[in-house]
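> Sharing model_17.csv, CSV, C-alpha atoms (C1' of nucleotides):
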```csv
chain,number,residue,atom,x,y,z
G,1,MET,CA,-21.1,27.9,2.7
G,2,GLU,CA,-17.6,27.7,1.5
G,3,GLY,CA,-14.1,28.8,2.4
G,4,SER,CA,-10.6,27.6,2.7
G,5,ALA,CA,-7.8,27.2,5.3
G,6,ARG,CA,-4.1,27.1,4.9
G,7,PHE,CA,-2.2,23.8,5.1
G,8,GLY,CA,1.5,24.1,4.4
G,9,LEU,CA,1.9,25.3,0.8
G,10,TRP,CA,-1.7,24.4,0.0
G,11,PHE,CA,-5.2,25.5,0.9
G,12,VAL,CA,-8.0,23.2,1.9
G,13,TYR,CA,-11.2,24.3,0.2
G,14,ILE,CA,-14.4,23.1,1.9
G,15,ARG,CA,-18.1,23.5,0.9
G,16,TRP,CA,-20.7,22.4,3.4
G,17,ASP,CA,-24.3,23.2,4.5
G,18,SER,CA,-26.0,24.3,7.7
G,19,ASP,CA,-26.5,20.7,8.8
G,20,ASN,CA,-22.7,20.2,8.8
G,21,VAL,CA,-22.9,17.9,5.8
G,22,VAL,CA,-19.8,18.4,3.7
G,23,SER,CA,-20.2,18.1,-0.1
G,24,ARG,CA,-16.7,18.9,-1.2
G,25,ILE,CA,-13.1,19.2,0.1
G,26,ARG,CA,-10.3,19.9,-2.2
G,27,PHE,CA,-6.6,20.9,-2.0
G,28,VAL,CA,-5.9,24.0,-4.1
G,29,ARG,CA,-3.0,26.3,-4.6
G,30,GLN,CA,-5.0,29.5,-4.1
G,31,GLY,CA,-7.5,29.8,-1.3
G,32,VAL,CA,-10.9,31.5,-1.6
G,33,SER,CA,-12.0,33.7,1.3
G,34,GLY,CA,-14.8,32.5,3.4
G,35,PRO,CA,-15.6,30.6,6.7
G,36,VAL,CA,-14.3,27.2,7.6
G,37,PRO,CA,-15.8,24.8,10.2
G,38,LEU,CA,-14.1,25.1,13.5
G,39,SER,CA,-13.3,21.4,13.8
G,40,LEU,CA,-11.5,21.5,10.4
G,41,SER,CA,-9.2,24.4,11.3
G,42,GLN,CA,-8.6,22.7,14.7
G,43,TYR,CA,-7.8,19.4,13.0
G,44,LEU,CA,-5.3,21.1,10.6
G,45,ALA,CA,-3.7,22.9,13.5
G,46,GLY,CA,-3.3,19.6,15.4
G,47,LYS,CA,-5.6,20.7,18.1
G,48,THR,CA,-8.2,18.0,17.7
G,49,THR,CA,-8.4,14.4,16.5
G,50,THR,CA,-12.0,14.4,15.5
G,51,LEU,CA,-13.9,16.3,12.8
G,52,SER,CA,-17.2,15.9,14.5
G,53,PRO,CA,-19.9,17.2,13.9
G,54,LEU,CA,-19.0,17.2,10.2
G,55,SER,CA,-20.1,14.3,7.9
G,56,SER,CA,-19.6,13.6,4.3
G,57,LEU,CA,-22.4,13.7,1.7
G,58,HIS,CA,-20.8,10.8,-0.1
G,59,GLU,CA,-20.4,8.1,2.5
G,60,GLN,CA,-24.0,6.7,2.3
G,61,ASP,CA,-24.1,5.3,-1.2
G,62,ASP,CA,-25.1,1.7,-1.4
G,63,THR,CA,-22.3,0.8,-3.7
G,64,VAL,CA,-18.9,-0.8,-3.3
G,65,PHE,CA,-17.4,2.6,-3.2
G,66,GLY,CA,-19.8,3.6,-0.4
G,67,ARG,CA,-18.8,0.5,1.6
G,68,ILE,CA,-15.1,1.3,1.1
G,69,TYR,CA,-15.7,4.9,2.3
G,70,ARG,CA,-17.4,3.7,5.4
G,71,GLU,CA,-14.7,1.2,6.1
G,72,VAL,CA,-12.0,3.9,5.6
G,73,LYS,CA,-13.8,6.2,8.1
G,74,THR,CA,-13.3,3.6,10.8
G,75,ILE,CA,-9.4,3.9,10.7
G,76,PRO,CA,-8.5,5.6,13.9
G,77,TYR,CA,-6.7,8.9,14.0
G,78,GLY,CA,-2.9,8.4,13.6
G,79,GLU,CA,-3.2,4.8,12.2
G,80,THR,CA,-3.0,3.4,8.7
G,81,ARG,CA,-4.4,0.5,6.7
G,82,THR,CA,-3.2,-0.9,3.4
G,83,TYR,CA,-5.4,-0.9,0.3
G,84,LYS,CA,-5.4,-4.7,0.5
G,85,GLU,CA,-6.7,-4.7,4.1
G,86,ILE,CA,-9.5,-2.4,3.3
G,87,ALA,CA,-10.3,-4.5,0.2
G,88,GLU,CA,-10.5,-7.7,2.2
G,89,SER,CA,-12.8,-6.0,4.8
G,90,VAL,CA,-15.1,-4.9,2.1
G,91,GLY,CA,-14.8,-8.0,-0.1
G,92,THR,CA,-13.2,-6.5,-3.2
G,93,GLY,CA,-9.8,-5.9,-4.7
G,94,ALA,CA,-7.1,-3.5,-3.7
G,95,ARG,CA,-7.1,-1.7,-7.0
G,96,VAL,CA,-10.8,-0.9,-6.5
G,97,VAL,CA,-10.0,0.7,-3.2
G,98,GLY,CA,-7.3,2.8,-4.9
G,99,MET,CA,-9.9,3.9,-7.4
G,100,ALA,CA,-12.4,4.8,-4.7
G,101,MET,CA,-9.7,6.8,-2.9
G,102,LYS,CA,-8.8,8.7,-6.1
G,103,ARG,CA,-12.5,9.7,-6.5
G,104,ASN,CA,-13.0,10.6,-2.9
G,105,LEU,CA,-14.8,14.0,-3.0
G,106,THR,CA,-14.2,14.7,0.7
G,107,PRO,CA,-10.6,13.8,1.6
G,108,ILE,CA,-9.6,14.3,5.3
G,109,LEU,CA,-13.3,13.7,6.3
G,110,ILE,CA,-13.0,10.3,4.6
G,111,PRO,CA,-9.4,9.8,5.6
G,112,CYS,CA,-7.9,8.4,2.5
G,113,HIS,CA,-4.5,9.6,3.6
G,114,ARG,CA,-4.5,6.7,6.1
G,115,VAL,CA,-4.7,4.2,3.3
G,116,VAL,CA,-1.2,3.2,2.1
G,117,SER,CA,0.2,0.6,-0.2
G,118,THR,CA,1.9,-2.6,1.1
G,119,GLY,CA,5.3,-1.5,0.0
G,120,GLY,CA,5.1,2.2,0.6
G,121,LEU,CA,2.9,5.3,0.7
G,122,GLY,CA,0.7,4.7,-2.3
G,123,GLY,CA,-0.7,7.7,-4.1
G,124,TYR,CA,-2.5,11.0,-3.4
G,125,THR,CA,-4.1,13.6,-5.5
G,126,PRO,CA,-3.1,16.4,-6.2
G,127,ASP,CA,0.3,15.8,-4.5
G,128,ILE,CA,1.7,12.9,-2.5
G,129,SER,CA,3.5,15.3,-0.2
G,130,ILE,CA,0.1,16.3,1.3
G,131,LYS,CA,-0.5,12.7,2.3
G,132,GLN,CA,2.9,12.6,4.0
G,133,ASP,CA,2.2,15.9,5.8
G,134,LEU,CA,-1.2,14.7,7.1
G,135,LEU,CA,0.4,11.4,8.4
G,136,ASN,CA,3.2,13.4,10.0
G,137,LEU,CA,0.7,15.7,11.6
G,138,GLU,CA,-1.3,12.8,13.1
G,139,GLU,CA,1.8,11.0,14.2
G,140,ARG,CA,3.1,14.2,15.9
G,141,VAL,CA,-0.2,14.8,17.7
G,142,ARG,CA,-0.5,11.2,18.7
G,143,LYS,CA,2.9,11.3,20.4
G,144,ARG,CA,2.1,14.6,22.1
G,145,MET,CA,-1.0,13.0,23.6
G,146,GLY,CA,1.0,10.1,24.8
G,147,ILE,CA,-1.0,7.5,22.9
G,148,THR,CA,1.1,4.4,22.6
G,149,ASN,CA,-1.0,2.4,20.2
G,150,SER,CA,1.3,-0.3,18.7
G,151,SER,CA,-1.5,-2.1,16.9
G,152,LEU,CA,-1.0,-0.5,13.5
G,153,HIS,CA,-2.0,-2.5,10.4
G,154,LEU,CA,-4.6,-4.5,12.2
G,155,SER,CA,-8.0,-5.4,10.7
U,1,DC,C1',-22.8,-0.8,-26.4
U,2,DG,C1',-17.1,-2.1,-26.1
U,3,DT,C1',-12.7,-0.7,-24.5
U,4,DG,C1',-9.0,1.1,-22.0
U,5,DG,C1',-7.2,3.0,-18.0
U,6,DT,C1',-6.8,3.5,-12.8
U,7,DA,C1',-3.7,6.2,-5.8
U,8,DC,C1',-2.9,-2.4,-5.9
U,9,DG,C1',-1.0,-6.6,-5.2
U,10,DG,C1',-0.5,-11.5,-6.0
U,11,DT,C1',0.8,-15.1,-9.4
U,12,DT,C1',3.4,-16.8,-13.1
U,13,DA,C1',7.1,-17.3,-16.6
L,1,DT,C1',12.3,-8.9,-13.6
L,2,DA,C1',8.4,-8.4,-16.4
L,3,DA,C1',3.9,-9.6,-18.0
L,4,DC,C1',-0.8,-10.9,-16.6
L,5,DC,C1',-5.1,-10.5,-14.2
L,6,DG,C1',-9.3,-9.6,-10.9
L,7,DT,C1',-12.3,-6.0,-9.5
L,8,DA,C1',-15.6,-1.3,-9.9
L,9,DC,C1',-16.2,2.5,-12.3
L,10,DC,C1',-16.0,6.0,-15.9
L,11,DA,C1',-14.5,8.6,-20.0
L,12,DC,C1',-14.7,8.2,-24.7
L,13,DG,C1',-16.0,6.6,-28.9
```
Please lay out the structure from this file as structure tokens.


Amino acid sequence: MEGSARFGLWFVYIRWDSDNVVSRIRFVRQGVSGPVPLSLSQYLAGKTTTLSPLSSLHEQDDTVFGRIYREVKTIPYGETRTYKEIAESVGTGARVVGMAMKRNLTPILIPCHRVVSTGGLGGYTPDISIKQDLLNLEERVRKRMGITNSSLHLS
DNA sequence: CGTGGTACGGTTA
DNA sequence: TAACCGTACCACG
């Protein structure tokens, strides 16, 4: 199944199967019509902090990238980690983490927007403003829920 | 095959 | 400041 949901000036395209395994998520200018999993539209609307029961097709690989994806998935909603912190957890270099994020086929589900650079935001494809918007959304929701988690940037 | 280029970050001159 | 370099992977000869 496939469909898309609006997110600001962009659309989030998603393709998934009947077992809630997502094979592709992509930010596009023009949306295609079709269904979208409820948890995704609720996440984009700031109504939930979990994307369960969805899972990514690409998080199981027994490669360095696979380990990076699984590590990134453990970053809690509304928090961030640096490329370097993820790299140290996995036992590789920060640049490799950047490469894995760039090639992430299921952004949002594997929350690469929560991985930032030491001195700033880092990058995001296709547009850095999407990363900022996602972080703003999570920040807003976190405050609204009264979560006062001050332990950002902890490994 | 070899090579160059990455959504990084630390080290060195 | 700027120039290197490690590290995993891939596109392109």

> Set the distance at 12 Å and use all atoms listed in the file: which residues neighbour DG13 of chain L once local chain neighbours fewer than 5 positions away are removed? I'd like the list as a list of chain:residue names.

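Residues near the query, excluding close chain neighbours: U:DC1, U:DG2, U:DT3, U:DG4.
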
> Give me the residues of chain G that have any atom at most 9 Å from an atom of chain L; for each, the nearest atom pair and the distance in Å, rounded to one decimal. Use only C-alpha atoms (C1' of nucleotides), sort by chain and number, and format it as JSON lines.


```
{"residue": "G:Val64", "atom": "CA", "partner": "L:DA8", "partner_atom": "C1'", "distance": 7.4}
{"residue": "G:Phe65", "atom": "CA", "partner": "L:DA8", "partner_atom": "C1'", "distance": 8.0}
{"residue": "G:Thr92", "atom": "CA", "partner": "L:DT7", "partner_atom": "C1'", "distance": 6.4}
{"residue": "G:Gly93", "atom": "CA", "partner": "L:DT7", "partner_atom": "C1'", "distance": 5.4}
{"residue": "G:Ala94", "atom": "CA", "partner": "L:DT7", "partner_atom": "C1'", "distance": 8.2}
{"residue": "G:Arg95", "atom": "CA", "partner": "L:DT7", "partner_atom": "C1'", "distance": 7.2}
{"residue": "G:Val96", "atom": "CA", "partner": "L:DA8", "partner_atom": "C1'", "distance": 5.9}
{"residue": "G:Val97", "atom": "CA", "partner": "L:DA8", "partner_atom": "C1'", "distance": 9.0}
{"residue": "G:Met99", "atom": "CA", "partner": "L:DC9", "partner_atom": "C1'", "distance": 8.1}
{"residue": "G:Ala100", "atom": "CA", "partner": "L:DA8", "partner_atom": "C1'", "distance": 8.6}
```

> Go ahead and compute the interatomic distance for atom CA of Arg6 of chain G and atom CA of Arg24 of chain G, in Å to one decimal.

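Between these atoms lies a distance of 16.2 Å.
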
> Could you work out how far atom CA of Leu54 of chain G lies from atom CA of Ala87 of chain G, giving the answer in Å with one decimal?

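Separation of atom CA of Ala87 of chain G and atom CA of Leu54 of chain G: 25.4 Å.
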
> Determine, for each residue of chain G having at least one atom at most 7 Å from an atom of chain U, the closest pair of atoms and their separation in Å to one decimal, counting only C-alpha atoms (C1' of nucleotides); order by chain and ascending number, as JSON lines.


```
{"residue": "G:Tyr83", "atom": "CA", "partner": "U:DC8", "partner_atom": "C1'", "distance": 6.9}
{"residue": "G:Ala94", "atom": "CA", "partner": "U:DC8", "partner_atom": "C1'", "distance": 4.9}
{"residue": "G:Arg95", "atom": "CA", "partner": "U:DC8", "partner_atom": "C1'", "distance": 4.4}
{"residue": "G:Gly98", "atom": "CA", "partner": "U:DA7", "partner_atom": "C1'", "distance": 5.0}
{"residue": "G:Met99", "atom": "CA", "partner": "U:DT6", "partner_atom": "C1'", "distance": 6.2}
{"residue": "G:Met101", "atom": "CA", "partner": "U:DA7", "partner_atom": "C1'", "distance": 6.7}
{"residue": "G:Lys102", "atom": "CA", "partner": "U:DA7", "partner_atom": "C1'", "distance": 5.7}
{"residue": "G:Gly122", "atom": "CA", "partner": "U:DA7", "partner_atom": "C1'", "distance": 5.8}
{"residue": "G:Gly123", "atom": "CA", "partner": "U:DA7", "partner_atom": "C1'", "distance": 3.8}
{"residue": "G:Tyr124", "atom": "CA", "partner": "U:DA7", "partner_atom": "C1'", "distance": 5.5}
```

> Find the residues near Thr74 of chain G: any atom within 12 Å, counting all atoms listed in the file, skip ones fewer than 6 places away on the same chain, and give them as a PyMOL selection string.

chain G and resi 50+59+67-68+80-81+86+89+109-112+114-115+154-155

> The selected residues should be written to file as a short mmCIF file (atom, residue, chain, number, x, y, z; two decimals), in the frame of the given file (atoms: C-alpha atoms).


```cif
data_model
loop_
_atom_site.label_atom_id
_atom_site.label_comp_id
_atom_site.auth_asym_id
_atom_site.auth_seq_id
_atom_site.Cartn_x
_atom_site.Cartn_y
_atom_site.Cartn_z
CA THR G 50 -12.00 14.40 15.50
CA GLU G 59 -20.40 8.10 2.50
CA ARG G 67 -18.80 0.50 1.60
CA ILE G 68 -15.10 1.30 1.10
CA THR G 80 -3.00 3.40 8.70
CA ARG G 81 -4.40 0.50 6.70
CA ILE G 86 -9.50 -2.40 3.30
CA SER G 89 -12.80 -6.00 4.80
CA LEU G 109 -13.30 13.70 6.30
CA ILE G 110 -13.00 10.30 4.60
CA PRO G 111 -9.40 9.80 5.60
CA CYS G 112 -7.90 8.40 2.50
CA ARG G 114 -4.50 6.70 6.10
CA VAL G 115 -4.70 4.20 3.30
CA LEU G 154 -4.60 -4.50 12.20
CA SER G 155 -8.00 -5.40 10.70
#
```

> Taking (-21.4, 17.5, 3.5) as a centre in this file's frame and 9 Å as the limit, can you find every polymer residue with an atom that close, using only C-alpha atoms (C1' of nucleotides), and give them as number ranges by chain?

G: 15-17, 19-24, 54-58, 106

> If I take atom CA of Lys84 of chain G and atom CA of Arg70 of chain G, how far is one from the other in Å, to one decimal?

15.4 Å

> Need to verify the contact set: Gly31 of chain G, 7 Å, all atoms listed in the file, exclusion of same-chain residues closer than 4 positions in sequence. Can you return it as a CSV table (one decimal) with C-alpha atoms, in the frame of the given file?


```
chain,number,residue,atom,x,y,z
G,4,SER,CA,-10.6,27.6,2.7
G,11,PHE,CA,-5.2,25.5,0.9
G,13,TYR,CA,-11.2,24.3,0.2
```

> Counting only C-alpha atoms, which residue out of G:Ser129, G:Ser18, G:Ser117, G:Met1 sits closest to Gly34 of chain G?

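Selected residue with least distance to Gly34 of chain G: G:Met1.
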
> For a quick check of understanding, using only C-alpha atoms, which of G:Thr118, G:Glu79, G:Asp127, G:Gln132 has the smallest distance to Trp10 of chain G?

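Checking each of G:Thr118, G:Glu79, G:Asp127, G:Gln132 against Trp10 of chain G, counting only C-alpha atoms, the winner is G:Asp127.
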
> Mind filling out segment 4-37 of chain G with N, CA and C atoms and sending it as a PDB file, keeping the file's coordinate frame?


```
ATOM      1  N   SER G   4     -11.771  28.450   2.784  1.00  0.00           N
ATOM      2  CA  SER G   4     -10.600  27.600   2.700  1.00  0.00           C
ATOM      3  C   SER G   4      -9.636  27.985   3.880  1.00  0.00           C
ATOM      4  N   ALA G   5      -8.787  27.013   4.219  1.00  0.00           N
ATOM      5  CA  ALA G   5      -7.800  27.200   5.300  1.00  0.00           C
ATOM      6  C   ALA G   5      -6.459  26.765   4.814  1.00  0.00           C
ATOM      7  N   ARG G   6      -5.437  27.421   5.318  1.00  0.00           N
ATOM      8  CA  ARG G   6      -4.100  27.100   4.900  1.00  0.00           C
ATOM      9  C   ARG G   6      -3.629  25.770   5.457  1.00  0.00           C
ATOM     10  N   PHE G   7      -2.898  25.012   4.617  1.00  0.00           N
ATOM     11  CA  PHE G   7      -2.200  23.800   5.100  1.00  0.00           C
ATOM     12  C   PHE G   7      -0.896  23.691   4.382  1.00  0.00           C
ATOM     13  N   GLY G   8       0.162  24.117   5.013  1.00  0.00           N
ATOM     14  CA  GLY G   8       1.500  24.100   4.400  1.00  0.00           C
ATOM     15  C   GLY G   8       1.448  25.039   3.147  1.00  0.00           C
ATOM     16  N   LEU G   9       1.871  24.504   2.028  1.00  0.00           N
ATOM     17  CA  LEU G   9       1.900  25.300   0.800  1.00  0.00           C
ATOM     18  C   LEU G   9       0.553  25.267   0.090  1.00  0.00           C
ATOM     19  N   TRP G  10      -0.412  24.546   0.652  1.00  0.00           N
ATOM     20  CA  TRP G  10      -1.700  24.400   0.000  1.00  0.00           C
ATOM     21  C   TRP G  10      -2.812  25.050   0.817  1.00  0.00           C
ATOM     22  N   PHE G  11      -3.990  25.125   0.182  1.00  0.00           N
ATOM     23  CA  PHE G  11      -5.200  25.500   0.900  1.00  0.00           C
ATOM     24  C   PHE G  11      -6.183  24.376   0.847  1.00  0.00           C
ATOM     25  N   VAL G  12      -6.901  24.203   1.920  1.00  0.00           N
ATOM     26  CA  VAL G  12      -8.000  23.200   1.900  1.00  0.00           C
ATOM     27  C   VAL G  12      -9.288  23.954   1.706  1.00  0.00           C
ATOM     28  N   TYR G  13      -9.887  23.696   0.529  1.00  0.00           N
ATOM     29  CA  TYR G  13     -11.200  24.300   0.200  1.00  0.00           C
ATOM     30  C   TYR G  13     -12.280  23.387   0.733  1.00  0.00           C
ATOM     31  N   ILE G  14     -13.312  23.957   1.336  1.00  0.00           N
ATOM     32  CA  ILE G  14     -14.400  23.100   1.900  1.00  0.00           C
ATOM     33  C   ILE G  14     -15.772  23.803   1.546  1.00  0.00           C
ATOM     34  N   ARG G  15     -16.720  22.996   1.133  1.00  0.00           N
ATOM     35  CA  ARG G  15     -18.100  23.500   0.900  1.00  0.00           C
ATOM     36  C   ARG G  15     -19.024  22.589   1.743  1.00  0.00           C
ATOM     37  N   TRP G  16     -19.866  23.200   2.551  1.00  0.00           N
ATOM     38  CA  TRP G  16     -20.700  22.400   3.400  1.00  0.00           C
ATOM     39  C   TRP G  16     -22.048  23.183   3.671  1.00  0.00           C
ATOM     40  N   ASP G  17     -23.029  22.508   4.275  1.00  0.00           N
ATOM     41  CA  ASP G  17     -24.300  23.200   4.500  1.00  0.00           C
ATOM     42  C   ASP G  17     -24.577  23.365   5.985  1.00  0.00           C
ATOM     43  N   SER G  18     -25.730  23.925   6.287  1.00  0.00           N
ATOM     44  CA  SER G  18     -26.000  24.300   7.700  1.00  0.00           C
ATOM     45  C   SER G  18     -26.188  23.109   8.593  1.00  0.00           C
ATOM     46  N   ASP G  19     -26.369  21.906   8.019  1.00  0.00           N
ATOM     47  CA  ASP G  19     -26.500  20.700   8.800  1.00  0.00           C
ATOM     48  C   ASP G  19     -25.123  20.017   9.028  1.00  0.00           C
ATOM     49  N   ASN G  20     -24.029  20.736   8.701  1.00  0.00           N
ATOM     50  CA  ASN G  20     -22.700  20.200   8.800  1.00  0.00           C
ATOM     51  C   ASN G  20     -22.417  19.009   7.896  1.00  0.00           C
ATOM     52  N   VAL G  21     -23.169  18.930   6.802  1.00  0.00           N
ATOM     53  CA  VAL G  21     -22.900  17.900   5.800  1.00  0.00           C
ATOM     54  C   VAL G  21     -21.993  18.511   4.730  1.00  0.00           C
ATOM     55  N   VAL G  22     -20.834  17.891   4.562  1.00  0.00           N
ATOM     56  CA  VAL G  22     -19.800  18.400   3.700  1.00  0.00           C
ATOM     57  C   VAL G  22     -19.980  17.784   2.274  1.00  0.00           C
ATOM     58  N   SER G  23     -20.071  18.621   1.247  1.00  0.00           N
ATOM     59  CA  SER G  23     -20.200  18.100  -0.100  1.00  0.00           C
ATOM     60  C   SER G  23     -18.916  18.065  -0.874  1.00  0.00           C
ATOM     61  N   ARG G  24     -17.936  18.865  -0.468  1.00  0.00           N
ATOM     62  CA  ARG G  24     -16.700  18.900  -1.200  1.00  0.00           C
ATOM     63  C   ARG G  24     -15.540  19.398  -0.354  1.00  0.00           C
ATOM     64  N   ILE G  25     -14.409  18.691  -0.439  1.00  0.00           N
ATOM     65  CA  ILE G  25     -13.100  19.200   0.100  1.00  0.00           C
ATOM     66  C   ILE G  25     -12.106  18.994  -0.959  1.00  0.00           C
ATOM     67  N   ARG G  26     -11.241  19.984  -1.122  1.00  0.00           N
ATOM     68  CA  ARG G  26     -10.300  19.900  -2.200  1.00  0.00           C
ATOM     69  C   ARG G  26      -9.015  20.674  -1.815  1.00  0.00           C
ATOM     70  N   PHE G  27      -7.866  20.152  -2.246  1.00  0.00           N
ATOM     71  CA  PHE G  27      -6.600  20.900  -2.000  1.00  0.00           C
ATOM     72  C   PHE G  27      -6.303  21.737  -3.211  1.00  0.00           C
ATOM     73  N   VAL G  28      -6.132  23.025  -2.971  1.00  0.00           N
ATOM     74  CA  VAL G  28      -5.900  24.000  -4.100  1.00  0.00           C
ATOM     75  C   VAL G  28      -4.702  24.862  -3.732  1.00  0.00           C
ATOM     76  N   ARG G  29      -4.142  25.455  -4.768  1.00  0.00           N
ATOM     77  CA  ARG G  29      -3.000  26.300  -4.600  1.00  0.00           C
ATOM     78  C   ARG G  29      -3.379  27.685  -4.002  1.00  0.00           C
ATOM     79  N   GLN G  30      -4.500  28.193  -4.525  1.00  0.00           N
ATOM     80  CA  GLN G  30      -5.000  29.500  -4.100  1.00  0.00           C
ATOM     81  C   GLN G  30      -6.262  29.355  -3.322  1.00  0.00           C
ATOM     82  N   GLY G  31      -6.320  29.899  -2.127  1.00  0.00           N
ATOM     83  CA  GLY G  31      -7.500  29.800  -1.300  1.00  0.00           C
ATOM     84  C   GLY G  31      -8.568  30.816  -1.723  1.00  0.00           C
ATOM     85  N   VAL G  32      -9.829  30.501  -1.459  1.00  0.00           N
ATOM     86  CA  VAL G  32     -10.900  31.500  -1.600  1.00  0.00           C
ATOM     87  C   VAL G  32     -11.214  31.967  -0.190  1.00  0.00           C
ATOM     88  N   SER G  33     -11.665  33.197  -0.065  1.00  0.00           N
ATOM     89  CA  SER G  33     -12.000  33.700   1.300  1.00  0.00           C
ATOM     90  C   SER G  33     -13.377  33.235   1.670  1.00  0.00           C
ATOM     91  N   GLY G  34     -13.547  32.959   2.931  1.00  0.00           N
ATOM     92  CA  GLY G  34     -14.800  32.500   3.400  1.00  0.00           C
ATOM     93  C   GLY G  34     -14.619  31.668   4.684  1.00  0.00           C
ATOM     94  N   PRO G  35     -15.715  31.335   5.373  1.00  0.00           N
ATOM     95  CA  PRO G  35     -15.600  30.600   6.700  1.00  0.00           C
ATOM     96  C   PRO G  35     -15.220  29.165   6.490  1.00  0.00           C
ATOM     97  N   VAL G  36     -14.667  28.610   7.546  1.00  0.00           N
ATOM     98  CA  VAL G  36     -14.300  27.200   7.600  1.00  0.00           C
ATOM     99  C   VAL G  36     -14.785  26.642   8.917  1.00  0.00           C
ATOM    100  N   PRO G  37     -15.336  25.433   8.913  1.00  0.00           N
ATOM    101  CA  PRO G  37     -15.800  24.800  10.200  1.00  0.00           C
ATOM    102  C   PRO G  37     -14.703  24.815  11.218  1.00  0.00           C
TER     103      PRO G  37
END
```
